[in-house]
Structures are given as C-alpha cells and as structure tokens.
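Participant: Okay, here's the structure, questions in a sec.
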Amino acid sequence: MALLDVTHLSIHFGGVKAVQDVSFSIDAGIVYSVIGPNGAGKTTLFNLITGVYKPTHGEIRLDGESIGGRSPDELARRGVARTFQNLQICMNMSAIENVMVGAHLRLDRNLIKAALRFPGLRRRDAALRDEALELMRFVGLDKFADARADAMPYGALKRLEIARALAMKPRVIFLDEPAAGLNPKETIEVDHLVRKVADSGITVVLVEHDMKMVMNLSDRILVLDYGKKLAEGTGAEVRRNPDVIAAYLGAHA
Ligand SMILES: Nc1ncnc2c1ncn2[C@@H]1O[C@H](COP(=O)(O)OP(=O)(O)O)[C@@H](O)[C@H]1O
Ligand SMILES: [Mg+2]
C-alpha cells in the first residue's frame with residue numbers, strides 16, 4: 001500500500017480552481033517532487049495534504065486512512081511535517097528553541113501554543129534540547145545553536161525550518177521550495193541535506209524550482225499546470241513528455 005494516496009483532489013477558491021481533480025500516490029521511502037509554473041497549485045496541494053485547507057472534492061489517504069480535512073496538529077502527530085515557502089520561524093527565539101518548538105508540537109500542541117508555552121517548560125527540557133542539538137548538527141547548524149534566529153543568514157534559517165520539521169519525528173516531510181532564494185553553494189547544501197533526510201528513512205515530498213536539484217533527488221515527479229495534473233513519472237519520463245516541455249520545462253531549459 002502507498003504511504004499517501006490522493007484521489008480526485010480539488011479545491012476551489014471562489015472561481016479559482018487552484019487544484020483540480022488531481023490523483024497520485026507516494027510510496028514510503030521515496031523522494032517525490034511536485035513541479036509546475038508559479039500559480040500551478042503546488043503550495044495549495046501541500047496545504048491540502050497538511051491540513052491547512054479542506055478539500056472541495058476528493059480524498060487524501062495516509063496508510064489507507066482518510067485524512068482529508070484533519071487539522072495540521074493532528075496530522076503532525078500522525079507523522080506529517082512540513083516547511084513553508086515563506087519562512088515561518090520565530091525570529092525572537094534562539095535557533096535551538098525554534099527546533100524545540102517542533103518537538104513540543106510532536107507532544108501534542110499546535111505551533112503557536114508550543115511557542116507560547118515554551119519559556120515555562122525550559123527547565124524540564126534538557127532531553128529535548130539534546131535532541132534538538134543533534135538535529136542542528138544533522139542540518140549543519142550546530143554553531144548557531146544559541147544564536148537568535150533574527151541574527152542568522154537566510155540560508156541557515158531555511159535549514160533551521162527543516163530541523164524543526166524533523167523534530168516532529170515525521171514519516172513524511174513536505175518541503176516547499178527549500179532552496180528558494182539561496183545561492184548556488186547553499187542550494188547544493190540543501191540538496192545534500194534532502195538526500196540525507198531521505199536516507200534516514202523519511203519520505204520526502206519536494207516543491208522546488210531548481211530543476212537540477214529536482215532531477216538529482218527525485219524518484220518520481222508530479223507536474224502541475226493550472227491546478228491540473230499534467231504528467232507524472234520518473235525524471236526521465238517527465239523530461240521527455242511533450243506536454244511538460246511545452247508547458248514548463250521548455251521555458252526553463
Ligand atoms: N487562500 C487562497 N485564496 C484564493 N486563492 C488562492 C488561495 N491559495 C491559493 N490561491 C490561488 O491558487 C492558485 C495556486 O496557487 P499556489 O498553490 O500558491 O501556486 P504555486 O505554489 O504552484 O505557485 C493561484 O492562482 C493562487 O492565487
Ligand atoms: Mg508555492
């Protein structure tokens with residue numbers, strides 16, 4: 001059975017059909033990418049699967065169980081973690097505190113509550129701090145552990161958000177443009193990090209515009225265009241698909 005099964009998924013915002021009748025499934029352990037031009041519906045698809053939006057139509061199954069319309073924190077407890085296209089880091093907290101928020105989220109609280117409750121829990125949290133430090137090492141940010149988030153470079157914050165998602169001990173992690181705004185060196189670091197995350201056994205679902213990174217990492221690729229599924233397959237299959245070339249890759253290659 002696939003880890004994630006999406007069938008006939010649609011969401012409409014008034015007249016805007018942001019996602020239209022999209023079906024695909026994702027096997028556990030793979031890197032699955034979603035590509036398509038700006039406005040194609042990639043972030044909306046992530047928002048649907050991670051519980052931010054409720055589908056207008058269609059079904060989302062995790063391990064065969066319907067999860068469409070469940071809340072983000074309930075999905076987090078079921079092992080669905082994500083990062084955001086627009087960073088969502090608490091800038092007035094230290095780097096490691098941000099990661100510990102992810103661990104608290106795993107322990108049953110939503111993101112905002114976890115952040116608010118954090119100071120009161122500080123003393124009890126030595127174990128979580130060690131765990132968070134380990135994750136900071138994993139993403140290559142240990143030297144920033146006690147830095148305030150607002151003093152960190154943007155590229156480091158992108159990786160910090162991945163560390164926070166990993167602190168939820170997810171089975172599947174959704175990364176929405178993890179390399180957006182990064183320089184070539186930082187992009188390669190994120191590429192390596194995503195590979196490391198996948199090698200640790202976590203299923204990765206990736207939205208990314210850097211085609212080199214997508215082709216390098218992905219086992220399978222879903223191509224969206226105007227909210228619809230245009231193609232799905234391996235990198236090689238997608239790259240030679242005439243519809244994809246016309247709609248998307250042609251314009252970038
Ligand atoms: N909350 C919303 N309300 C209205 N329209 C939305 C909302 N979220 C997304 N959209 C629209 O859905 C379409 C897809 O957007 P998005 O998923 O952000 O695209 P992508 O991530 O592929 O660039 C766009 O036309 C966008 O304006
Ligand atoms: Mg987007």
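Within each chain, counting starts at residue 1; across the structure tokens, chains are named A, B, ... in the order shown, with ligands numbered 1 upward in that order.
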For ligand 2, list the contacting residues at 7 Å or closer, counting only C-alpha atoms and all ligand atoms, as a PDB file with C-alpha atoms, in the first residue's frame.

Facilitator:
ATOM      1  CA  ASN A  38       4.120  29.748 -10.443  1.00  0.00           C
ATOM      2  CA  GLY A  39       0.431  29.543  -9.578  1.00  0.00           C
ATOM      3  CA  GLY A  41      -1.212  24.841  -7.322  1.00  0.00           C
ATOM      4  CA  LYS A  42       1.865  23.289  -5.690  1.00  0.00           C
ATOM      5  CA  THR A  43       1.628  25.118  -2.367  1.00  0.00           C
ATOM      6  CA  GLN A  85       7.543  28.601   1.119  1.00  0.00           C
ATOM      7  CA  ASP A 176       8.018  23.875  -0.102  1.00  0.00           C
TER       8      ASP A 176
END

Participant: Within 12 Å of ligand 1 (counting only C-alpha atoms and all ligand atoms), which residues show up? I'd like them as a PyMOL selection string.

Facilitator: chain A and resi 10-20+34-48+52-54+84-86+175-177+206-209+222-229

Participant: Okay, now the selection with N, CA and C atoms, as a short mmCIF file (atom, residue, chain, number, x, y, z; two decimals), in the first residue's frame?

Facilitator:
data_model
loop_
_atom_site.label_atom_id
_atom_site.label_comp_id
_atom_site.auth_asym_id
_atom_site.auth_seq_id
_atom_site.Cartn_x
_atom_site.Cartn_y
_atom_site.Cartn_z
N SER A 10 -9.59 18.25 -5.30
CA SER A 10 -9.87 19.57 -5.85
C SER A 10 -10.10 20.56 -4.72
N ILE A 11 -9.70 21.81 -4.98
CA ILE A 11 -10.13 22.90 -4.10
C ILE A 11 -10.38 24.13 -4.96
N HIS A 12 -11.49 24.77 -4.67
CA HIS A 12 -11.85 25.99 -5.41
C HIS A 12 -11.91 27.14 -4.42
N PHE A 13 -11.31 28.26 -4.80
CA PHE A 13 -11.44 29.50 -4.02
C PHE A 13 -12.31 30.43 -4.86
N GLY A 14 -13.58 30.49 -4.56
CA GLY A 14 -14.47 31.24 -5.44
C GLY A 14 -14.37 30.65 -6.83
N GLY A 15 -14.02 31.47 -7.80
CA GLY A 15 -13.91 30.96 -9.17
C GLY A 15 -12.56 30.32 -9.48
N VAL A 16 -11.60 30.45 -8.58
CA VAL A 16 -10.25 29.93 -8.88
C VAL A 16 -10.17 28.45 -8.53
N LYS A 17 -9.95 27.63 -9.56
CA LYS A 17 -9.78 26.20 -9.31
C LYS A 17 -8.30 25.93 -9.10
N ALA A 18 -7.85 26.08 -7.86
CA ALA A 18 -6.42 26.03 -7.56
C ALA A 18 -5.85 24.63 -7.73
N VAL A 19 -6.63 23.63 -7.37
CA VAL A 19 -6.26 22.22 -7.59
C VAL A 19 -7.49 21.53 -8.15
N GLN A 20 -7.31 20.85 -9.28
CA GLN A 20 -8.45 20.28 -9.99
C GLN A 20 -8.27 18.82 -10.30
N VAL A 34 7.02 17.77 -6.73
CA VAL A 34 5.89 18.40 -7.41
C VAL A 34 6.43 19.65 -8.07
N ILE A 35 6.33 19.72 -9.39
CA ILE A 35 6.84 20.89 -10.11
C ILE A 35 5.72 21.51 -10.94
N GLY A 36 5.97 22.70 -11.43
CA GLY A 36 5.00 23.41 -12.25
C GLY A 36 5.23 24.90 -12.12
N PRO A 37 4.73 25.67 -13.08
CA PRO A 37 4.95 27.12 -13.05
C PRO A 37 4.35 27.77 -11.81
N ASN A 38 4.72 29.00 -11.55
CA ASN A 38 4.12 29.75 -10.44
C ASN A 38 2.61 29.78 -10.62
N GLY A 39 1.89 29.54 -9.53
CA GLY A 39 0.43 29.54 -9.58
C GLY A 39 -0.17 28.22 -10.02
N ALA A 40 0.66 27.20 -10.23
CA ALA A 40 0.17 25.90 -10.71
C ALA A 40 -0.63 25.15 -9.65
N GLY A 41 -0.46 25.53 -8.38
CA GLY A 41 -1.21 24.84 -7.32
C GLY A 41 -0.35 23.99 -6.40
N LYS A 42 0.96 24.14 -6.47
CA LYS A 42 1.87 23.29 -5.69
C LYS A 42 1.70 23.54 -4.18
N THR A 43 1.77 24.80 -3.80
CA THR A 43 1.63 25.12 -2.37
C THR A 43 0.22 24.77 -1.88
N THR A 44 -0.77 25.02 -2.72
CA THR A 44 -2.15 24.67 -2.34
C THR A 44 -2.27 23.15 -2.12
N LEU A 45 -1.62 22.39 -2.97
CA LEU A 45 -1.63 20.93 -2.79
C LEU A 45 -1.01 20.56 -1.44
N PHE A 46 0.12 21.19 -1.10
CA PHE A 46 0.74 20.94 0.21
C PHE A 46 -0.22 21.35 1.34
N ASN A 47 -0.87 22.50 1.17
CA ASN A 47 -1.80 22.97 2.20
C ASN A 47 -2.97 22.00 2.37
N LEU A 48 -3.40 21.40 1.30
CA LEU A 48 -4.50 20.42 1.39
C LEU A 48 -4.03 19.17 2.15
N VAL A 52 -4.03 22.38 6.13
CA VAL A 52 -4.29 23.83 6.20
C VAL A 52 -5.62 24.16 5.51
N TYR A 53 -5.89 23.49 4.38
CA TYR A 53 -7.15 23.67 3.66
C TYR A 53 -7.94 22.37 3.66
N LYS A 54 -9.24 22.52 3.58
CA LYS A 54 -10.14 21.37 3.45
C LYS A 54 -10.48 21.21 1.97
N PHE A 84 7.66 25.82 5.05
CA PHE A 84 6.81 26.77 4.35
C PHE A 84 7.60 27.52 3.29
N GLN A 85 6.89 27.83 2.18
CA GLN A 85 7.54 28.60 1.12
C GLN A 85 8.03 29.95 1.68
N ASN A 86 7.21 30.56 2.50
CA ASN A 86 7.64 31.77 3.21
C ASN A 86 7.99 31.35 4.63
N LEU A 175 8.50 19.71 1.81
CA LEU A 175 9.43 20.84 1.74
C LEU A 175 8.99 21.75 0.58
N ASP A 176 8.51 22.95 0.92
CA ASP A 176 8.02 23.88 -0.10
C ASP A 176 9.12 24.87 -0.46
N GLU A 177 9.79 24.62 -1.55
CA GLU A 177 10.88 25.46 -2.06
C GLU A 177 12.01 25.68 -1.04
N LEU A 206 8.72 17.17 -2.25
CA LEU A 206 9.50 18.38 -2.50
C LEU A 206 8.85 19.24 -3.57
N VAL A 207 8.71 20.52 -3.28
CA VAL A 207 8.42 21.50 -4.32
C VAL A 207 9.67 22.34 -4.47
N GLU A 208 10.18 22.42 -5.70
CA GLU A 208 11.42 23.17 -5.89
C GLU A 208 11.52 23.60 -7.35
N HIS A 209 11.99 24.83 -7.55
CA HIS A 209 12.16 25.33 -8.92
C HIS A 209 13.52 24.98 -9.50
N LEU A 222 5.65 14.79 -10.06
CA LEU A 222 4.29 15.16 -10.49
C LEU A 222 4.38 16.56 -11.07
N VAL A 223 3.83 16.74 -12.26
CA VAL A 223 3.84 18.06 -12.89
C VAL A 223 2.44 18.64 -12.86
N LEU A 224 2.30 19.80 -12.26
CA LEU A 224 1.01 20.51 -12.21
C LEU A 224 1.06 21.70 -13.16
N ASP A 225 -0.09 21.99 -13.74
CA ASP A 225 -0.22 23.18 -14.58
C ASP A 225 -1.67 23.65 -14.45
N TYR A 226 -1.86 24.91 -14.07
CA TYR A 226 -3.20 25.44 -13.84
C TYR A 226 -4.03 24.53 -12.94
N GLY A 227 -3.41 24.01 -11.89
CA GLY A 227 -4.14 23.20 -10.92
C GLY A 227 -4.37 21.76 -11.33
N LYS A 228 -4.02 21.43 -12.57
CA LYS A 228 -4.27 20.06 -13.05
C LYS A 228 -2.99 19.26 -13.16
N LYS A 229 -3.16 17.94 -13.06
CA LYS A 229 -2.02 17.05 -13.27
C LYS A 229 -1.71 16.99 -14.76
#

Participant: What separation in Å, quoted to one decimal, exists between CA of Arg70 (chain A) and CA of Phe174 (chain A)?

Facilitator: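 About the pair CA of Arg70 (chain A) and CA of Phe174 (chain A): they are 16.3 Å apart.
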
Participant: Find the spatial neighbours of Asp146 (chain A), counting only C-alpha atoms, within a cut-off of 10 Å - ignore same-chain residues fewer than 2 positions away - and output them as an MDAnalysis selection string.

Facilitator: chainID A and resid 93:97 133 142:144 148:149

Participant: I'd like the contact shell of region 88-90 of chain A - 12 Å cut-off, only C-alpha atoms, skipping same-chain residues fewer than 4 positions apart - returned as a PyMOL selection string.

Facilitator: chain A and resi 82-84+94-102+111-112+114-116+118+148-152+154+156-165+176

Participant: I'd like the neighbourhood of Ala81 (chain A) as a PyMOL selection string, where a residue qualifies if any of its atoms comes within 7 Å (using only C-alpha atoms), though same-chain residues fewer than 2 positions away should be ignored.

Facilitator: chain A and resi 76+79+165+168+170+172-174

Participant: Write the selection just made, keeping C-alpha atoms, as a CSV table (one decimal), in the first residue's frame?

Facilitator:
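Output (selection25.csv):
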chain,number,residue,atom,x,y,z
A,76,ALA,CA,1.7,16.3,12.7
A,79,GLY,CA,3.9,12.0,11.2
A,165,ALA,CA,10.1,19.8,11.0
A,168,MET,CA,8.4,16.2,14.9
A,170,PRO,CA,7.9,12.7,10.8
A,172,VAL,CA,6.8,12.2,5.6
A,173,ILE,CA,8.1,15.7,5.3
A,174,PHE,CA,6.8,18.3,2.8
